[in-house]
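Coordinates from start-v8.pdb are shown below (PDB, C-alpha atoms).
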MODEL        1
ATOM      1  CA  MET L 251      -6.120  11.352  27.030
ATOM      2  CA  ARG L 252      -4.186   8.487  28.559
ATOM      3  CA  GLU L 253      -4.381   6.499  25.321
ATOM      4  CA  VAL L 254      -3.151   9.544  23.399
ATOM      5  CA  TRP L 255      -0.076   9.681  25.633
ATOM      6  CA  VAL L 256       0.485   5.939  25.241
ATOM      7  CA  ASN L 257       0.195   6.228  21.444
ATOM      8  CA  GLY L 258       2.676   9.084  21.463
ATOM      9  CA  ALA L 259       5.076   7.044  23.581
ATOM     10  CA  VAL L 260       4.844   4.095  21.187
ATOM     11  CA  LEU L 261       5.658   6.304  18.192
ATOM     12  CA  GLY L 262       8.380   8.105  20.110
ATOM     13  CA  LEU L 263      10.014   4.796  21.019
ATOM     14  CA  LEU L 264       9.838   3.611  17.416
ATOM     15  CA  VAL L 265      11.674   6.776  16.328
ATOM     16  CA  ALA L 266      14.162   6.820  19.217
ATOM     17  CA  VAL L 267      15.448   3.270  18.696
ATOM     18  CA  PRO L 268      16.814   3.743  15.137
ATOM     19  CA  LEU L 269      18.178   7.177  15.963
ATOM     20  CA  ALA L 270      20.088   5.749  18.931
ATOM     21  CA  ALA L 271      21.201   2.782  16.841
ATOM     22  CA  SER L 272      22.464   5.107  14.104
ATOM     23  CA  ALA L 273      24.480   7.077  16.645
ATOM     24  CA  ALA L 274      25.919   3.828  18.029
ATOM     25  CA  GLY L 275      26.711   2.421  14.573
ATOM     26  CA  GLU L 276      24.222  -0.473  14.777
ATOM     27  CA  PRO L 277      22.550  -0.746  11.344
ATOM     28  CA  PHE L 278      20.981  -4.111  12.224
ATOM     29  CA  VAL L 279      18.875  -2.487  14.945
ATOM     30  CA  ILE L 280      17.709   0.122  12.423
ATOM     31  CA  THR L 281      16.654  -2.714  10.126
ATOM     32  CA  LEU L 282      14.647  -4.253  12.981
ATOM     33  CA  ALA L 283      12.903  -0.913  13.557
ATOM     34  CA  THR L 284      12.172  -0.719   9.831
ATOM     35  CA  LYS L 285      10.587  -4.185   9.977
ATOM     36  CA  VAL L 286       8.426  -2.974  12.848
ATOM     37  CA  ALA L 287       7.233   0.013  10.800
ATOM     38  CA  ILE L 288       6.455  -2.174   7.766
ATOM     39  CA  PHE L 289       4.678  -4.886   9.748
ATOM     40  CA  ALA L 290       2.779  -2.207  11.671
ATOM     41  CA  LEU L 291       1.564  -0.745   8.366
ATOM     42  CA  ALA L 292       0.335  -4.201   7.318
ATOM     43  CA  GLY L 293      -1.387  -4.483  10.708
ATOM     44  CA  VAL L 294      -3.024  -1.077  10.236
ATOM     45  CA  GLY L 295      -4.538  -2.426   7.030
ATOM     46  CA  LEU L 296      -5.885  -5.557   8.707
ATOM     47  CA  ASN L 297      -7.072  -3.602  11.740
ATOM     48  CA  LEU L 298      -9.322  -1.513   9.511
ATOM     49  CA  ALA L 299     -11.140  -4.670   8.411
ATOM     50  CA  LEU L 300     -10.838  -6.715  11.611
ATOM     51  CA  GLY L 301     -10.876  -4.201  14.429
ATOM     52  CA  PHE L 302     -13.277  -1.642  13.004
ATOM     53  CA  GLY L 303     -15.247  -3.763  10.527
ATOM     54  CA  GLY L 304     -15.400  -7.097  12.341
ATOM     55  CA  LEU L 305     -14.077  -8.923   9.269
ATOM     56  CA  VAL L 306     -11.829 -11.727  10.495
ATOM     57  CA  SER L 307      -9.711 -12.140   7.384
ATOM     58  CA  PHE L 308      -7.156 -14.928   7.392
ATOM     59  CA  GLY L 309      -6.036 -14.119   3.872
ATOM     60  CA  HIS L 310      -4.363 -10.719   4.139
ATOM     61  CA  ALA L 311      -1.094 -12.353   3.163
ATOM     62  CA  ALA L 312      -2.539 -12.343  -0.356
ATOM     63  CA  PHE L 313      -2.416  -8.546  -0.475
ATOM     64  CA  PHE L 314       0.936  -8.426   1.338
ATOM     65  CA  GLY L 315       2.405 -10.824  -1.216
ATOM     66  CA  ILE L 316       0.817  -9.106  -4.221
ATOM     67  CA  GLY L 317       2.389  -5.827  -3.131
ATOM     68  CA  GLY L 318       5.725  -7.565  -2.722
ATOM     69  CA  TYR L 319       5.580  -9.257  -6.102
ATOM     70  CA  ALA L 320       4.550  -5.981  -7.754
ATOM     71  CA  ALA L 321       7.751  -4.407  -6.429
ATOM     72  CA  GLY L 322       9.881  -7.425  -7.303
ATOM     73  CA  ILE L 323       8.524  -7.896 -10.818
ATOM     74  CA  LEU L 324       8.833  -4.237 -11.757
ATOM     75  CA  ALA L 325      12.379  -4.101 -10.374
ATOM     76  CA  SER L 326      13.382  -7.334 -12.136
ATOM     77  CA  HIS L 327      12.096  -6.033 -15.477
ATOM     78  CA  ALA L 328      14.012  -2.804 -14.963
ATOM     79  CA  VAL L 329      17.351  -4.556 -14.447
ATOM     80  CA  SER L 330      16.820  -7.451 -16.873
ATOM     81  CA  VAL L 331      19.151  -7.441 -19.871
ATOM     82  CA  GLU L 332      16.695  -9.475 -21.942
ATOM     83  CA  PRO L 333      12.953  -8.696 -21.864
ATOM     84  CA  LEU L 334      10.928 -11.254 -19.945
ATOM     85  CA  THR L 335       8.327 -12.870 -22.190
ATOM     86  CA  THR L 336       5.779 -14.133 -19.684
ATOM     87  CA  TRP L 337       3.216 -11.536 -20.760
ATOM     88  CA  PRO L 338       1.325 -10.988 -24.036
ATOM     89  CA  VAL L 339       3.167  -7.666 -24.298
ATOM     90  CA  GLU L 340       6.521  -6.630 -22.950
ATOM     91  CA  LEU L 341       6.110  -5.383 -19.378
ATOM     92  CA  PRO L 342       8.129  -2.229 -18.636
ATOM     93  CA  GLY L 343       9.974  -2.163 -15.357
ATOM     94  CA  SER L 344      10.825   0.518 -12.861
ATOM     95  CA  GLN L 345      13.119   0.986  -9.921
ATOM     96  CA  GLN L 346      11.376   4.099  -8.639
ATOM     97  CA  MET L 347       9.299   3.720  -5.476
ATOM     98  CA  LEU L 348       6.917   6.464  -6.603
ATOM     99  CA  VAL L 349       6.036   4.252  -9.593
ATOM    100  CA  ILE L 350       6.069   0.931  -7.736
ATOM    101  CA  TRP L 351       3.877   2.003  -4.811
ATOM    102  CA  PRO L 352       0.812   2.997  -6.900
ATOM    103  CA  VAL L 353       1.106  -0.260  -8.871
ATOM    104  CA  ALA L 354       1.348  -2.303  -5.664
ATOM    105  CA  VAL L 355      -1.596  -0.468  -4.103
ATOM    106  CA  ALA L 356      -3.734  -0.767  -7.242
ATOM    107  CA  ALA L 357      -2.970  -4.478  -7.702
ATOM    108  CA  SER L 358      -3.713  -5.242  -4.049
ATOM    109  CA  ALA L 359      -6.901  -3.172  -4.090
ATOM    110  CA  LEU L 360      -8.092  -4.955  -7.236
ATOM    111  CA  ALA L 361      -7.406  -8.339  -5.652
ATOM    112  CA  ALA L 362      -9.211  -7.239  -2.489
ATOM    113  CA  LEU L 363     -12.191  -6.135  -4.581
ATOM    114  CA  VAL L 364     -12.461  -9.522  -6.308
ATOM    115  CA  ILE L 365     -11.904 -11.505  -3.105
ATOM    116  CA  GLY L 366     -14.219  -9.239  -1.133
ATOM    117  CA  VAL L 367     -17.102  -9.467  -3.611
ATOM    118  CA  LEU L 368     -17.023 -13.257  -3.322
ATOM    119  CA  SER L 369     -16.103 -13.738   0.344
ATOM    120  CA  LEU L 370     -18.471 -11.116   1.786
ATOM    121  CA  ARG L 371     -21.376 -13.243   0.641
ATOM    122  CA  THR L 372     -20.499 -15.388   3.647
ATOM    123  CA  SER L 373     -19.859 -14.609   7.307
ATOM    124  CA  GLY L 374     -18.215 -16.048  10.394
ATOM    125  CA  VAL L 375     -15.989 -19.064   9.960
ATOM    126  CA  TYR L 376     -16.999 -19.350   6.284
ATOM    127  CA  PHE L 377     -15.595 -15.862   5.605
ATOM    128  CA  ILE L 378     -12.361 -16.852   7.351
ATOM    129  CA  MET L 379     -12.004 -19.992   5.263
ATOM    130  CA  VAL L 380     -12.842 -18.290   1.963
ATOM    131  CA  THR L 381     -10.224 -15.559   2.484
ATOM    132  CA  LEU L 382      -7.705 -18.220   3.512
ATOM    133  CA  ALA L 383      -8.521 -20.251   0.399
ATOM    134  CA  PHE L 384      -7.880 -17.283  -1.910
ATOM    135  CA  ALA L 385      -4.534 -16.568  -0.232
ATOM    136  CA  GLN L 386      -3.487 -20.201  -0.565
ATOM    137  CA  MET L 387      -4.464 -20.237  -4.240
ATOM    138  CA  LEU L 388      -2.174 -17.276  -4.849
ATOM    139  CA  PHE L 389       0.536 -18.963  -2.760
ATOM    140  CA  TYR L 390       0.508 -22.085  -4.929
ATOM    141  CA  PHE L 391       0.314 -19.969  -8.079
ATOM    142  CA  ALA L 392       3.497 -18.147  -7.023
ATOM    143  CA  ILE L 393       5.226 -21.476  -6.355
ATOM    144  CA  SER L 394       4.362 -22.667  -9.877
ATOM    145  CA  TRP L 395       5.441 -19.409 -11.572
ATOM    146  CA  PRO L 396       9.018 -20.212 -12.720
ATOM    147  CA  ALA L 397       9.466 -16.941 -14.638
ATOM    148  CA  TYR L 398       9.679 -15.120 -11.312
ATOM    149  CA  GLY L 399      11.566 -17.664  -9.263
ATOM    150  CA  GLY L 400       8.854 -20.143  -8.400
ATOM    151  CA  GLU L 401       9.326 -21.580  -4.918
ATOM    152  CA  ASP L 402      12.877 -20.169  -4.772
ATOM    153  CA  GLY L 403      11.603 -16.597  -4.878
ATOM    154  CA  LEU L 404      12.804 -13.585  -6.833
ATOM    155  CA  SER L 405      15.868 -11.497  -5.974
ATOM    156  CA  PHE L 406      16.367  -8.041  -7.448
ATOM    157  CA  TYR L 407      19.547  -7.115  -5.539
ATOM    158  CA  VAL L 408      19.267  -3.329  -5.936
ATOM    159  CA  ARG L 409      16.902  -1.458  -3.623
ATOM    160  CA  ASN L 410      14.465   0.756  -5.496
ATOM    161  CA  GLY L 411      15.051   4.497  -5.440
ATOM    162  CA  PHE L 412      13.240   7.457  -3.932
ATOM    163  CA  PRO L 413      13.872  11.044  -5.092
ATOM    164  CA  GLY L 414      16.415  12.829  -2.915
ATOM    165  CA  ALA L 415      17.097   9.833  -0.676
ATOM    166  CA  ASN L 416      19.724   7.127  -0.449
ATOM    167  CA  THR L 417      17.524   4.091   0.146
ATOM    168  CA  PHE L 418      20.564   1.931   0.869
ATOM    169  CA  ASP L 419      21.158   3.994   3.985
ATOM    170  CA  PRO L 420      19.239   2.110   6.739
ATOM    171  CA  LEU L 421      18.152   5.263   8.561
ATOM    172  CA  GLN L 422      16.841   6.983   5.426
ATOM    173  CA  PHE L 423      14.919   3.895   4.387
ATOM    174  CA  PHE L 424      13.446   3.700   7.903
ATOM    175  CA  VAL L 425      12.281   7.307   7.605
ATOM    176  CA  ILE L 426      10.491   6.489   4.337
ATOM    177  CA  CYS L 427       8.720   3.505   5.921
ATOM    178  CA  PHE L 428       7.889   5.470   9.071
ATOM    179  CA  VAL L 429       6.333   8.340   7.109
ATOM    180  CA  LEU L 430       4.176   5.861   5.188
ATOM    181  CA  LEU L 431       3.160   4.289   8.503
ATOM    182  CA  LEU L 432       2.085   7.708   9.750
ATOM    183  CA  GLY L 433       0.102   8.146   6.543
ATOM    184  CA  GLY L 434      -1.622   4.797   7.081
ATOM    185  CA  LEU L 435      -2.467   5.678  10.680
ATOM    186  CA  TRP L 436      -3.809   9.080   9.607
ATOM    187  CA  LEU L 437      -5.986   7.525   6.899
ATOM    188  CA  SER L 438      -7.310   4.922   9.326
ATOM    189  CA  ALA L 439      -8.120   7.607  11.909
ATOM    190  CA  VAL L 440      -9.901   9.795   9.353
ATOM    191  CA  LEU L 441     -11.955   6.893   8.011
ATOM    192  CA  THR L 442     -13.004   5.491  11.375
ATOM    193  CA  ARG L 443     -14.054   8.910  12.699
ATOM    194  CA  SER L 444     -16.028   9.839   9.596
ATOM    195  CA  ARG L 445     -19.594   8.971   8.645
ATOM    196  CA  PHE L 446     -18.155   6.015   6.770
ATOM    197  CA  GLY L 447     -16.555   4.829  10.014
ATOM    198  CA  LEU L 448     -19.866   5.120  11.847
ATOM    199  CA  ALA L 449     -21.567   3.104   9.111
ATOM    200  CA  LEU L 450     -18.802   0.491   9.285
ATOM    201  CA  GLU L 451     -19.164   0.246  13.059
ATOM    202  CA  GLY L 452     -22.918  -0.077  12.655
ATOM    203  CA  ALA L 453     -22.497  -2.809  10.041
ATOM    204  CA  ARG L 454     -20.231  -4.665  12.453
ATOM    205  CA  GLN L 455     -22.621  -4.425  15.398
ATOM    206  CA  ASN L 456     -26.050  -4.694  13.756
ATOM    207  CA  PRO L 457     -26.196  -4.925   9.955
ATOM    208  CA  VAL L 458     -30.002  -5.264   9.985
ATOM    209  CA  ARG L 459     -30.460  -1.838  11.569
ATOM    210  CA  VAL L 460     -27.929  -0.300   9.184
ATOM    211  CA  ALA L 461     -29.860  -1.713   6.234
ATOM    212  CA  ALA L 462     -33.069  -0.358   7.737
ATOM    213  CA  VAL L 463     -31.782   3.233   7.494
ATOM    214  CA  GLY L 464     -30.887   2.821   3.815
ATOM    215  CA  ILE L 465     -27.196   1.845   4.025
ATOM    216  CA  ARG L 466     -26.059  -1.378   2.339
ATOM    217  CA  PRO L 467     -23.805  -3.155   4.881
ATOM    218  CA  ILE L 468     -22.055  -5.196   2.202
ATOM    219  CA  GLY L 469     -21.052  -2.021   0.326
ATOM    220  CA  VAL L 470     -19.550  -0.474   3.449
ATOM    221  CA  ARG L 471     -17.723  -3.674   4.336
ATOM    222  CA  LEU L 472     -16.434  -4.132   0.796
ATOM    223  CA  THR L 473     -15.066  -0.575   0.745
ATOM    224  CA  ALA L 474     -13.282  -1.149   4.050
ATOM    225  CA  PHE L 475     -11.923  -4.486   2.800
ATOM    226  CA  VAL L 476     -10.535  -2.934  -0.388
ATOM    227  CA  ILE L 477      -8.850  -0.066   1.487
ATOM    228  CA  SER L 478      -7.513  -2.579   3.990
ATOM    229  CA  GLY L 479      -6.011  -4.695   1.202
ATOM    230  CA  ALA L 480      -4.455  -1.642  -0.462
ATOM    231  CA  ILE L 481      -2.687  -0.576   2.745
ATOM    232  CA  THR L 482      -1.410  -4.108   3.337
ATOM    233  CA  GLY L 483      -0.188  -4.285  -0.270
ATOM    234  CA  LEU L 484       1.852  -1.124   0.224
ATOM    235  CA  ALA L 485       3.464  -2.730   3.255
ATOM    236  CA  GLY L 486       4.303  -5.764   1.126
ATOM    237  CA  ALA L 487       6.078  -3.579  -1.440
ATOM    238  CA  LEU L 488       8.152  -2.008   1.337
ATOM    239  CA  TYR L 489       9.012  -5.412   2.782
ATOM    240  CA  ALA L 490      10.194  -6.644  -0.611
ATOM    241  CA  ASP L 491      12.404  -3.557  -0.893
ATOM    242  CA  LEU L 492      13.766  -4.084   2.607
ATOM    243  CA  ASN L 493      14.960  -7.603   1.749
ATOM    244  CA  ARG L 494      15.448  -6.983  -1.997
ATOM    245  CA  PHE L 495      13.756 -10.337  -2.312
ATOM    246  CA  VAL L 496      10.224 -11.643  -2.656
ATOM    247  CA  SER L 497       9.064 -15.235  -2.247
ATOM    248  CA  PRO L 498       5.828 -17.240  -2.023
ATOM    249  CA  SER L 499       6.186 -17.247   1.774
ATOM    250  CA  MET L 500       4.821 -13.692   1.730
ATOM    251  CA  LEU L 501       1.545 -15.216   0.493
ATOM    252  CA  SER L 502       1.419 -18.086   2.985
ATOM    253  CA  TRP L 503      -1.109 -18.581   5.766
ATOM    254  CA  GLN L 504       1.718 -18.137   8.313
ATOM    255  CA  THR L 505       2.131 -14.546   7.123
ATOM    256  CA  SER L 506      -1.610 -13.960   7.496
ATOM    257  CA  GLY L 507      -1.375 -15.337  11.020
ATOM    258  CA  GLU L 508       1.547 -13.084  11.899
ATOM    259  CA  ILE L 509      -0.263  -9.963  10.686
ATOM    260  CA  MET L 510      -3.253 -10.946  12.798
ATOM    261  CA  ILE L 511      -0.958 -11.505  15.793
ATOM    262  CA  PHE L 512       0.348  -7.930  15.465
ATOM    263  CA  VAL L 513      -3.204  -6.631  15.736
ATOM    264  CA  ILE L 514      -4.215  -8.897  18.620
ATOM    265  CA  LEU L 515      -1.078  -8.262  20.675
ATOM    266  CA  GLY L 516      -1.362  -4.501  20.293
ATOM    267  CA  GLY L 517      -5.126  -4.314  20.632
ATOM    268  CA  VAL L 518      -7.920  -5.079  18.179
ATOM    269  CA  GLY L 519      -9.742  -1.892  17.238
ATOM    270  CA  ARG L 520      -7.044   0.337  18.774
ATOM    271  CA  LEU L 521      -5.595   2.760  16.257
ATOM    272  CA  PHE L 522      -1.992   2.255  17.390
ATOM    273  CA  GLY L 523      -2.481  -1.379  18.363
ATOM    274  CA  PRO L 524      -0.690  -2.748  15.262
ATOM    275  CA  VAL L 525       2.347  -0.544  15.978
ATOM    276  CA  ALA L 526       2.661  -1.804  19.558
ATOM    277  CA  GLY L 527       1.941  -5.384  18.482
ATOM    278  CA  ALA L 528       4.509  -5.394  15.681
ATOM    279  CA  GLY L 529       7.122  -3.907  17.991
ATOM    280  CA  LEU L 530       6.456  -6.512  20.676
ATOM    281  CA  PHE L 531       6.539  -9.328  18.117
ATOM    282  CA  ILE L 532       9.893  -8.265  16.639
ATOM    283  CA  LEU L 533      11.325  -7.766  20.138
ATOM    284  CA  LEU L 534      10.295 -11.275  21.181
ATOM    285  CA  GLU L 535      11.593 -12.766  17.933
ATOM    286  CA  HIS L 536      14.962 -11.045  18.344
ATOM    287  CA  GLN L 537      15.436 -11.702  22.051
ATOM    288  CA  LEU L 538      13.911 -15.157  22.423
ATOM    289  CA  GLY L 539      14.980 -16.401  18.986
ATOM    290  CA  GLY L 540      18.572 -16.432  20.207
ATOM    291  CA  VAL L 541      17.604 -18.425  23.287
ATOM    292  CA  SER L 542      15.560 -21.178  21.688
ATOM    293  CA  GLU L 543      14.400 -22.107  18.213
ATOM    294  CA  TYR L 544      11.023 -22.816  19.798
ATOM    295  CA  TRP L 545      10.503 -19.230  20.884
ATOM    296  CA  GLN L 546       7.028 -19.265  19.325
ATOM    297  CA  VAL L 547       5.912 -21.296  22.354
ATOM    298  CA  PHE L 548       6.412 -18.211  24.521
ATOM    299  CA  LEU L 549       4.654 -16.114  21.911
ATOM    300  CA  GLY L 550       1.723 -18.520  21.987
ATOM    301  CA  LEU L 551       1.479 -18.286  25.772
ATOM    302  CA  LEU L 552       1.553 -14.493  25.595
ATOM    303  CA  LEU L 553      -1.099 -14.484  22.872
ATOM    304  CA  LEU L 554      -3.282 -16.776  24.961
ATOM    305  CA  ALA L 555      -2.912 -14.466  27.970
ATOM    306  CA  VAL L 556      -3.893 -11.443  25.870
ATOM    307  CA  VAL L 557      -6.978 -13.159  24.468
ATOM    308  CA  LEU L 558      -8.133 -14.388  27.902
ATOM    309  CA  PHE L 559      -7.188 -11.536  30.209
ATOM    310  CA  ALA L 560      -6.319  -8.447  28.134
ATOM    311  CA  LYS L 561      -8.611  -8.232  25.118
ATOM    312  CA  GLY L 562      -7.517  -4.644  24.571
ATOM    313  CA  GLY L 563      -3.982  -5.854  23.944
ATOM    314  CA  LEU L 564      -0.898  -3.928  25.002
ATOM    315  CA  ILE L 565      -2.521  -0.556  24.330
ATOM    316  CA  GLY L 566      -5.566  -1.623  26.331
ATOM    317  CA  VAL L 567      -3.445  -2.658  29.314
ATOM    318  CA  LEU L 568      -1.557   0.636  29.323
ATOM    319  CA  SER L 569      -4.652   2.779  28.747
ATOM    320  CA  PRO L 570      -7.837   0.949  29.807
ATOM    321  CA  ARG L 571     -11.082   2.506  28.677
ATOM    322  CA  ARG L 572     -13.825   3.330  31.111
ATOM    323  CA  ALA L 573     -17.065   1.373  31.094
ATOM    324  CA  HIS L 574     -18.992   4.162  29.334
ATOM    325  CA  ASP L 575     -16.373   4.316  26.544
TER     326      ASP L 575
ENDMDL
END

Re-express the file's structure as structure tokens.
Amino acid sequence: MREVWVNGAVLGLLVAVPLAASAAGEPFVITLATKVAIFALAGVGLNLALGFGGLVSFGHAAFFGIGGYAAGILASHAVSVEPLTTWPVELPGSQQMLVIWPVAVAASALAALVIGVLSLRTSGVYFIMVTLAFAQMLFYFAISWPAYGGEDGLSFYVRNGFPGANTFDPLQFFVICFVLLLGGLWLSAVLTRSRFGLALEGARQNPVRVAAVGIRPIGVRLTAFVISGAITGLAGALYADLNRFVSPSMLSWQTSGEIMIFVILGGVGRLFGPVAGAGLFILLEHQLGGVSEYWQVFLGLLLLAVVLFAKGGLIGVLSPRRAHD
């Protein structure tokens, strides 16, 4: 029950900050809260694979970037005066989020399926390196793709639309991102508490025993990896809309590391860990970034302390589980 209260407090704080900022006329603070919601959604995706499936993926930036480029490419085709001819057929564009999101999710899920089929043949450090290699391949591909900005990135200037909402209003856009975050948390909770979640936990702890009862561990892990990539891709589409810009940096290994930091800081395997971790990360970046350009040193020390002394992360410190849990 204590963790339930802590989770509720984390969500309540995430809602209270932009509401207070809106009342005080501080749109920048609302944008920071929106970044927290988007990064938390990306962390929810990784947490499904890492925290519940034991899959230490260092390539989730691939799905984050694919989602972002899906949003950017569709938006750029929608506003382009002349059709872009980088495809065998003319690619229609769209500036509607309800069209962009399914495309981003489908593209990220497809990429996760391909990467997962190949990388799940390995384990341990080899799995980490294979997922990293795929993300870096996509990173260098984006750099060498001049039709969509190459290393300079792609700007689409106009934020995509959502029916009945003014997405240029910071508070309304935050609400959209927050609702999607709630949806990601709900999906993660349903999956991890279902029979699929039990099979995934079993595959993480003892794949031999899971195989002995007739369940293929690789199939369970691949399913979790694909769903994880799809959720992270949706977060990437939202992040591209937030900035109205997408660049190869979304595909870089630094982005993969940041998403993993969100999960570790908040608590690996804790449902609301990515939300707490993303909030703490953005808070440190905003507060310490103005003090020193080397603020990541303090982040590194905090991360080291969490790994050594608080493996349950922020959620674990606030709501420690009993030994029998």

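Going from atom CA of L:Ile509 over to atom CA of L:His310, you cover 7.8 Å.
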
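Considering all atoms listed in the file, the residue among L:Ala383, L:Met347, L:Leu360, L:Met500 positioned nearest to L:Gly414 is L:Met347.
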
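The residues returned by the PyMOL selection byres ((chain L and resi 437) around 12) for this structure are Leu291, Val294, Gly295, Leu298, Leu430, Leu431, Leu432, Gly433, Gly434, Leu435, Trp436, Ser438, Ala439, Val440, Leu441, Thr442, Arg443, Ser444, Gly447, Ala474, Ile477, Ser478, Ala480, Ile481 and Leu521 of chain L.
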
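Between L:Ala271 and the residues L:Ala357, L:Ala415, L:Leu421, L:Val286, the shortest atom-to-atom distance, using all atoms listed in the file, involves L:Leu421.
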
Discussion item. As an exercise, work out the distance from atom CA of L:Gly304 to atom CA of L:Pro524 in Å and give it to one decimal place.
Written reply: 15.6 Å

Residues matched by the PyMOL selection byres ((chain L and resi 516) around 12) as a PDB file with C-alpha atoms, in the coordinates of the input:
ATOM      1  CA  VAL L 256       0.485   5.939  25.241  1.00  0.00           C
ATOM      2  CA  ASN L 257       0.195   6.228  21.444  1.00  0.00           C
ATOM      3  CA  VAL L 260       4.844   4.095  21.187  1.00  0.00           C
ATOM      4  CA  ALA L 290       2.779  -2.207  11.671  1.00  0.00           C
ATOM      5  CA  GLY L 293      -1.387  -4.483  10.708  1.00  0.00           C
ATOM      6  CA  VAL L 294      -3.024  -1.077  10.236  1.00  0.00           C
ATOM      7  CA  ASN L 297      -7.072  -3.602  11.740  1.00  0.00           C
ATOM      8  CA  GLY L 301     -10.876  -4.201  14.429  1.00  0.00           C
ATOM      9  CA  ILE L 509      -0.263  -9.963  10.686  1.00  0.00           C
ATOM     10  CA  MET L 510      -3.253 -10.946  12.798  1.00  0.00           C
ATOM     11  CA  ILE L 511      -0.958 -11.505  15.793  1.00  0.00           C
ATOM     12  CA  PHE L 512       0.348  -7.930  15.465  1.00  0.00           C
ATOM     13  CA  VAL L 513      -3.204  -6.631  15.736  1.00  0.00           C
ATOM     14  CA  ILE L 514      -4.215  -8.897  18.620  1.00  0.00           C
ATOM     15  CA  LEU L 515      -1.078  -8.262  20.675  1.00  0.00           C
ATOM     16  CA  GLY L 517      -5.126  -4.314  20.632  1.00  0.00           C
ATOM     17  CA  VAL L 518      -7.920  -5.079  18.179  1.00  0.00           C
ATOM     18  CA  GLY L 519      -9.742  -1.892  17.238  1.00  0.00           C
ATOM     19  CA  ARG L 520      -7.044   0.337  18.774  1.00  0.00           C
ATOM     20  CA  LEU L 521      -5.595   2.760  16.257  1.00  0.00           C
ATOM     21  CA  PHE L 522      -1.992   2.255  17.390  1.00  0.00           C
ATOM     22  CA  GLY L 523      -2.481  -1.379  18.363  1.00  0.00           C
ATOM     23  CA  PRO L 524      -0.690  -2.748  15.262  1.00  0.00           C
ATOM     24  CA  VAL L 525       2.347  -0.544  15.978  1.00  0.00           C
ATOM     25  CA  ALA L 526       2.661  -1.804  19.558  1.00  0.00           C
ATOM     26  CA  GLY L 527       1.941  -5.384  18.482  1.00  0.00           C
ATOM     27  CA  ALA L 528       4.509  -5.394  15.681  1.00  0.00           C
ATOM     28  CA  GLY L 529       7.122  -3.907  17.991  1.00  0.00           C
ATOM     29  CA  LEU L 530       6.456  -6.512  20.676  1.00  0.00           C
ATOM     30  CA  PHE L 531       6.539  -9.328  18.117  1.00  0.00           C
ATOM     31  CA  LEU L 552       1.553 -14.493  25.595  1.00  0.00           C
ATOM     32  CA  LEU L 553      -1.099 -14.484  22.872  1.00  0.00           C
ATOM     33  CA  VAL L 556      -3.893 -11.443  25.870  1.00  0.00           C
ATOM     34  CA  VAL L 557      -6.978 -13.159  24.468  1.00  0.00           C
ATOM     35  CA  ALA L 560      -6.319  -8.447  28.134  1.00  0.00           C
ATOM     36  CA  LYS L 561      -8.611  -8.232  25.118  1.00  0.00           C
ATOM     37  CA  GLY L 562      -7.517  -4.644  24.571  1.00  0.00           C
ATOM     38  CA  GLY L 563      -3.982  -5.854  23.944  1.00  0.00           C
ATOM     39  CA  LEU L 564      -0.898  -3.928  25.002  1.00  0.00           C
ATOM     40  CA  ILE L 565      -2.521  -0.556  24.330  1.00  0.00           C
ATOM     41  CA  GLY L 566      -5.566  -1.623  26.331  1.00  0.00           C
ATOM     42  CA  VAL L 567      -3.445  -2.658  29.314  1.00  0.00           C
ATOM     43  CA  LEU L 568      -1.557   0.636  29.323  1.00  0.00           C
ATOM     44  CA  SER L 569      -4.652   2.779  28.747  1.00  0.00           C
TER      45      SER L 569
END

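Separating atom CA of L:Glu276 from atom CA of L:Asp419 is a distance of 12.1 Å.
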
Worksheet entry | Surrounding residues of stretch 483-497 of chain L excluding itself and chain neighbours under 4 positions, 6 Å, all atoms listed in the file, as a count of residues only | 18

Applying 10 Å and all atoms listed in the file, which residues near L:Ile532 remain after dropping the ones on its own chain fewer than 5 positions away? List them as a compact mmCIF listing (two decimals) with C-alpha atoms, in the frame of the given file.
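Writing done, so here's out.txt:
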# COMPACT_ATOMS: atom_id res chain seq x y z
CA LEU L 282 14.65 -4.25 12.98
CA ALA L 283 12.90 -0.91 13.56
CA LYS L 285 10.59 -4.18 9.98
CA VAL L 286 8.43 -2.97 12.85
CA PHE L 289 4.68 -4.89 9.75
CA PHE L 512 0.35 -7.93 15.46
CA GLY L 527 1.94 -5.38 18.48
CA GLN L 537 15.44 -11.70 22.05
CA LEU L 538 13.91 -15.16 22.42
CA GLY L 539 14.98 -16.40 18.99

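Considering the residues L:Pro420, L:Ile350, L:Gly507, L:Gly343 and counting all atoms listed in the file, L:Leu382 has its shortest atom-to-atom contact with L:Gly507.
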
Fill in: Near-L:Pro342 list (8 Å; all atoms listed in the file; drop same-chain fewer than 2 positions) as a PyMOL selection string
chain L and resi 324+327-328+340+344

Specify the axis-aligned box that encloses all atoms of stretch 500-516 of chain L listed in the file after padding of 4 Å on each side, stating its centre and edge lengths in Å to one decimal as lines of an AutoDock Vina configuration file.
center_x = 0.3
center_y = -11.5
center_z = 10.6
size_x = 17.0
size_y = 22.1
size_z = 28.2

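Shortest separation to L:Ala385 among L:Phe412, L:Tyr319, L:Arg459, L:Leu501 occurs at residue L:Leu501, atoms counted being only C-alpha atoms.
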
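Of the residues listed (L:Ile365, L:Pro277, L:His536, L:Ile465), L:Ile365 shows the shortest atom-to-atom separation from L:Phe377; distances use only C-alpha atoms.
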